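Asker: Attaching a single structure in structure tokens format; questions to follow.
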Amino acid sequence: MDNPASDFVRDIVAADTASGKHELIVTHFTPEPNGCRHIGHGKSICLNFSIALENKGRCHLRFDDTNPATEETEYVEAIKNDVRWLGFDWGEHLHYASDYFEPLYGYAVELIKRDKAYVCTLDSEQFKEYRGVPTRPGKESPSRNRPIEESLDLFERMKNGEFDEGQYVVRAKIDMNSPNLHMRDPVLYRIRKMAHHRTGDKWCIYPMYDFTHCLSDSIEGITHSICTLEFEVHRPLYDWILDSLEVYHPQQIEFARLNLTYTVMSKRRLLELVQGGLVSGWDDPRMPTLAGLRRRGYTPSAIREFCARVGVTKVNSLTDIALLEFCIREELNRTAPRAMAVLEPLKLIIDNYPEDQVDELDGINNPEDPAMGTRKVPFTRELFIEQDDFRAEPPPKFHRLSPGREVRLRYGYIIKCVGHDTDEAGRVTAVHCTYDPATRGGTAPDGRKIKGTIHWVSAVQSAEVEVRLYDRLFTREKLDDLEAGDDFKNYLNPDSLKTVKARVEAWLIQAGQGSRYQFERKGYFCVDPVDSTDGKPVFNQIVPLRDSWARLNKPQ
RNA sequence: UGCCGGAUGGUGUAAUGGUAGCACAACAGAUUCUGGAUCUGUUUGUCUAGGUUCGAAUCCUAGUCUGGCAACCA
């Protein structure tokens with residue numbers, strides 16, 4: 001990092017450090033363990049952990065597990081794994097809101113004692129009716145003036161399981177006329193006769209988010225409670241609870257969540273894709289989930305770089321997924337070893353090359369990093385080249401192989417096309433060439449310029465592997481502005497996955513799971529960690545190389 | 001039609017009363033044994049209307065557009 005990041009959140013933190021308001025900066029990431037984390041959460045993880053790191057503070061990982069109906073332990077491990085994978089460490093500070101159920105109960109009792117909360121008898125139907133609507137004030141619950149002692153007694157009996165679900169709730173006593181719905185005597189505790197993933201059946205009352213979150217922050221000594229914009233309207237309640245209890249008061253700061261073009265980020269939609277079988281699972285390499293990106297081959301550092309580049313503001317925005325692709329290309333261009341792989345093979349026969357001869361040519365492993373050395377690439381009479389690299393009738397500006405023309409085989413020889421075979425349907429089945437023995441290694445002694453260089457593999461000394469080519473999951477850039485009744489699934493890209501049998505340099509079948517390569521002229525690929533087996537790797541395309549030839553031919 | 005936010009190129013973001021800058025994208029050229037990478041250049045922007053000021057993206061007034069909020073979810 002040459003330039004430390006700066007944004008309005010970091011400005012606040014810096015000001016609070018400078019003024020001496022805080023000695024130690026404490027931030028947090030507080031997921032609910034009820035679903036899969038996506039790159040939007042990644043932005044939040046990076047923001048919170050990075051701010052802590054930059055200030056030599058700490059960042060807590062706290063599971064906001066106050067709703068036993070929706071939360072599961074399996075997500076806890078998955079989320080811990082995602083955070084660690086991104087490269088962050090919460091140290092000693094793994095917490096659970098459920099760790100605070102006891103003190104939280106005490107705080108609720110205290111609030112009732114201070115006449116700032118009461119036990120309410122309204123059922124959820126009546127509750128809605130009494131709450132009113134944004135444009136109309138609500139009205140006070142008949143329970144509002146229940147004597148403190150009576151509320152205290154009822155609350156204790158709620159805890160003891162004497163009542164049914166929904167029979168009673170604890171509500172804050174704030175203001176039924178508030179223009180902010182969240183301040184109209186919000187529910188603090190409800191009865192849920194349900195086992196919790198950590199506390200079992202110890203409790204049958206569970207605190208609500210608004211009550212839990214601010215007090216957990218307070219208990220943990222969080223200095224800056226960073227969350228997304230939709231919690232902005234909750235901030236008055238966050239402040240009210242802490243002020244009413246006169247406890248340590250962290251500052252809640254809201255920022256805009258990440259949105260990406262050509263994908264969806266809401267839990268509901270992601271779930272729909274998974275449950276509908278439209279993707280192979282939460283970790284489908286086309287998914288914007290951290291598990292999907294990881295399996296696709298994205299590196300944690302590229303995702304961190306991306307999160308740093310998108311910035312932090314309060315503006316609702318839609319970030320071009322091209323920026324994410326740029327970040328992974330930039331990194332992999334520096335680090336990924338090169339290899340030759342022919343994705344859609346076409347037989348090429350060097351007519352004047354001896355049948356049984358093998359020439360070991362030198363391939364450069366990474367032109368961006370000479371320290372990565374060279375490797376031997378076997379050259380034989382029969383090769384495979386890319387179908388796209390031959391045209392019987394070349395379009396303008398095509399500088400690959402076509403009848404009568406010369407092209408260079410990468411690291412090999414300059415060859416000249418002398419003919420091609422076709423089947424009954426007129427499809428090209430093989431291309432015939434002659435090679436120029438004086439051009440071994442690719443340079444012409446007479447200095448003649450060869451515009452095109454194509455990649456290839458030996459037909460006999462190469463391996464067949466499965467390669468999965470991915471494209472954007474959706475054909476539509478923006479999926480949040482659909483007309484009513486229009487389903488986002490109508491815009492799924494039918495070509496988002498294409499599986500091919502490719503021919504690759506033989507050594508690649510030893511490639512370890514998760515290893516990444518640049519297939520020259522094609523893109524960056526990663527050995528799929530799920531479907532690969534020993535000696536039988538499956539390659540996921542992480543991202544294609546930029547392709548100005550393809551762009552040139554794309555209809556505007 | 002209530003409350004809380006937000007409006008800077010195609011996209012994401014800087015500039016906190018003093019030259020509207022950066023990145024991605026797009027386009028053009030140079031270079032290249034990857035139509036990659038690299039290098040150079042170009043196009044495109046302060047929501048509107050008034051006002052304050054020598055000077056406004058920035059301050060004031062009015063308007064326009066836009067996001068969020070009405071789970072005993074988080």
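Each chain in the structure tokens gets a letter, A, B, ..., in the order shown, and its residues are numbered from 1; ligands are numbered from 1 in order too.
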Report as a ChimeraX atom specification: the residues of stretch 174-217 of chain A with a DSSP assignment of strand (DSSP E), based on the backbone of this structure.
Answerer: /A:187-191,205-207
Asker: Got time to write the residues from that selection, C-alpha atoms, as a PDB file, in the first residue's frame?
Answerer:
```pdb
ATOM      1  CA  VAL A 187     -40.059  -4.546  20.839  1.00  0.00           C
ATOM      2  CA  LEU A 188     -36.992  -5.406  22.928  1.00  0.00           C
ATOM      3  CA  TYR A 189     -37.722  -8.989  23.925  1.00  0.00           C
ATOM      4  CA  ARG A 190     -39.990 -11.667  22.570  1.00  0.00           C
ATOM      5  CA  ILE A 191     -40.882 -15.190  23.627  1.00  0.00           C
ATOM      6  CA  ILE A 205     -37.041 -15.227  25.596  1.00  0.00           C
ATOM      7  CA  TYR A 206     -34.688 -13.669  23.090  1.00  0.00           C
ATOM      8  CA  PRO A 207     -33.632 -10.031  22.690  1.00  0.00           C
TER       9      PRO A 207
END
```
Asker: Select, as a ChimeraX atom specification, those residues of chain A with any atom no more than 6 Å from chain B (distances computed using only C-alpha atoms (C1' of nucleotides)).
Answerer: /A:133-135,179-180,190,230,233,310,315,319-320,323,520-521,548-549
Asker: Would you output that residue set with C-alpha atoms, as a PDB file, in the first residue's frame?
Answerer:
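Okay, selection36.pdb is ready:
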```pdb
ATOM      1  CA  VAL A 133     -47.896   4.302   9.491  1.00  0.00           C
ATOM      2  CA  PRO A 134     -45.126   6.724   8.536  1.00  0.00           C
ATOM      3  CA  THR A 135     -47.551   9.484   7.713  1.00  0.00           C
ATOM      4  CA  PRO A 179     -41.900  10.219  12.878  1.00  0.00           C
ATOM      5  CA  ASN A 180     -39.333   7.421  13.063  1.00  0.00           C
ATOM      6  CA  ARG A 190     -39.990 -11.667  22.570  1.00  0.00           C
ATOM      7  CA  GLU A 230     -30.292   0.657   6.103  1.00  0.00           C
ATOM      8  CA  VAL A 233     -32.960   4.976  10.853  1.00  0.00           C
ATOM      9  CA  VAL A 310     -14.325   0.912  -4.557  1.00  0.00           C
ATOM     10  CA  VAL A 315     -23.884   7.049  -1.847  1.00  0.00           C
ATOM     11  CA  THR A 319     -19.820  -0.848  -9.125  1.00  0.00           C
ATOM     12  CA  ASP A 320     -18.761  -2.161 -12.511  1.00  0.00           C
ATOM     13  CA  LEU A 323     -13.087  -3.391 -11.719  1.00  0.00           C
ATOM     14  CA  GLU A 520      -1.480 -17.944 -22.855  1.00  0.00           C
ATOM     15  CA  ARG A 521      -3.728 -15.815 -25.030  1.00  0.00           C
ATOM     16  CA  SER A 548      -8.981  -6.527 -28.285  1.00  0.00           C
ATOM     17  CA  TRP A 549      -9.505  -8.802 -31.284  1.00  0.00           C
TER      18      TRP A 549
END
```
Asker: Which residues come within 9 Å of A:Ala172, counting only C-alpha atoms (C1' of nucleotides), excluding same-chain residues fewer than 5 positions away, as a ChimeraX atom specification?
Answerer: /A:111-112,116-119,183-188,241
Asker: Could you tell me, as a ChimeraX atom specification, which residues of stretch 42-229 of chain A DSSP assigns to helix (DSSP H, G or I) when given the backbone?
Answerer: /A:42-54,73-86,97-113,124-131,142-145,148-159,181-183,209-220,229
Asker: Could you check which of A:His182, A:Glu305, A:Gln541, A:Lys128 is closest to A:Leu497, using only C-alpha atoms?
Answerer: A:Gln541
Asker: Hey, what's within 10 Å of stretch 343-351 of chain A if we count only C-alpha atoms (C1' of nucleotides) and toss same-chain stuff fewer than 5 positions away? As a PyMOL selection string, please?
Answerer: chain A and resi 380-390+415-421+428-435+456-459+464-469+499-504+519+522
Asker: Quick one: everything within 8 Å of A:Glu368, counting only C-alpha atoms (C1' of nucleotides), minus sequence neighbours fewer than 2 positions away in the same chain. Send it as a ChimeraX atom specification.
Answerer: /A:333-334,366,370 /B:37
Asker: Find the spatial neighbours of B:C59, counting only C-alpha atoms (C1' of nucleotides), within a cut-off of 12 Å - ignore same-chain residues fewer than 6 positions away - and output them as a list in words.
Answerer: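 Final neighbour list, sorted by chain and number: U16, G17, G51, U52 and U53 of chain B.
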Asker: With only C-alpha atoms (C1' of nucleotides) as the counted atoms, please give the residues lying no more than 12 Å from B:G41, apart from itself and same-chain residues fewer than 2 positions off, as a list in words.
Answerer: C27, A28, G29, A30, C39 and U43 of chain B
Asker: Can you tell me how far atom CA of A:Cys36 sits from atom CA of A:Glu77, in Å to one decimal?
Answerer: 10.8 Å
Asker: Tell me, in Å to one decimal, how far atom CA of A:Arg131 is from atom CA of A:Lys314.
Answerer: 29.1 Å
Asker: When you count only C-alpha atoms, which of these residues is closest to A:Val13: A:Ile226, A:Ile174, A:Met194, A:Val460?
Answerer: A:Ile226
Asker: Rank A:Cys214, A:Val538, A:Leu278, A:Leu401 by their smallest atom-to-atom distance to A:Leu492, using only C-alpha atoms, and report the top residue only.
Answerer: A:Leu278
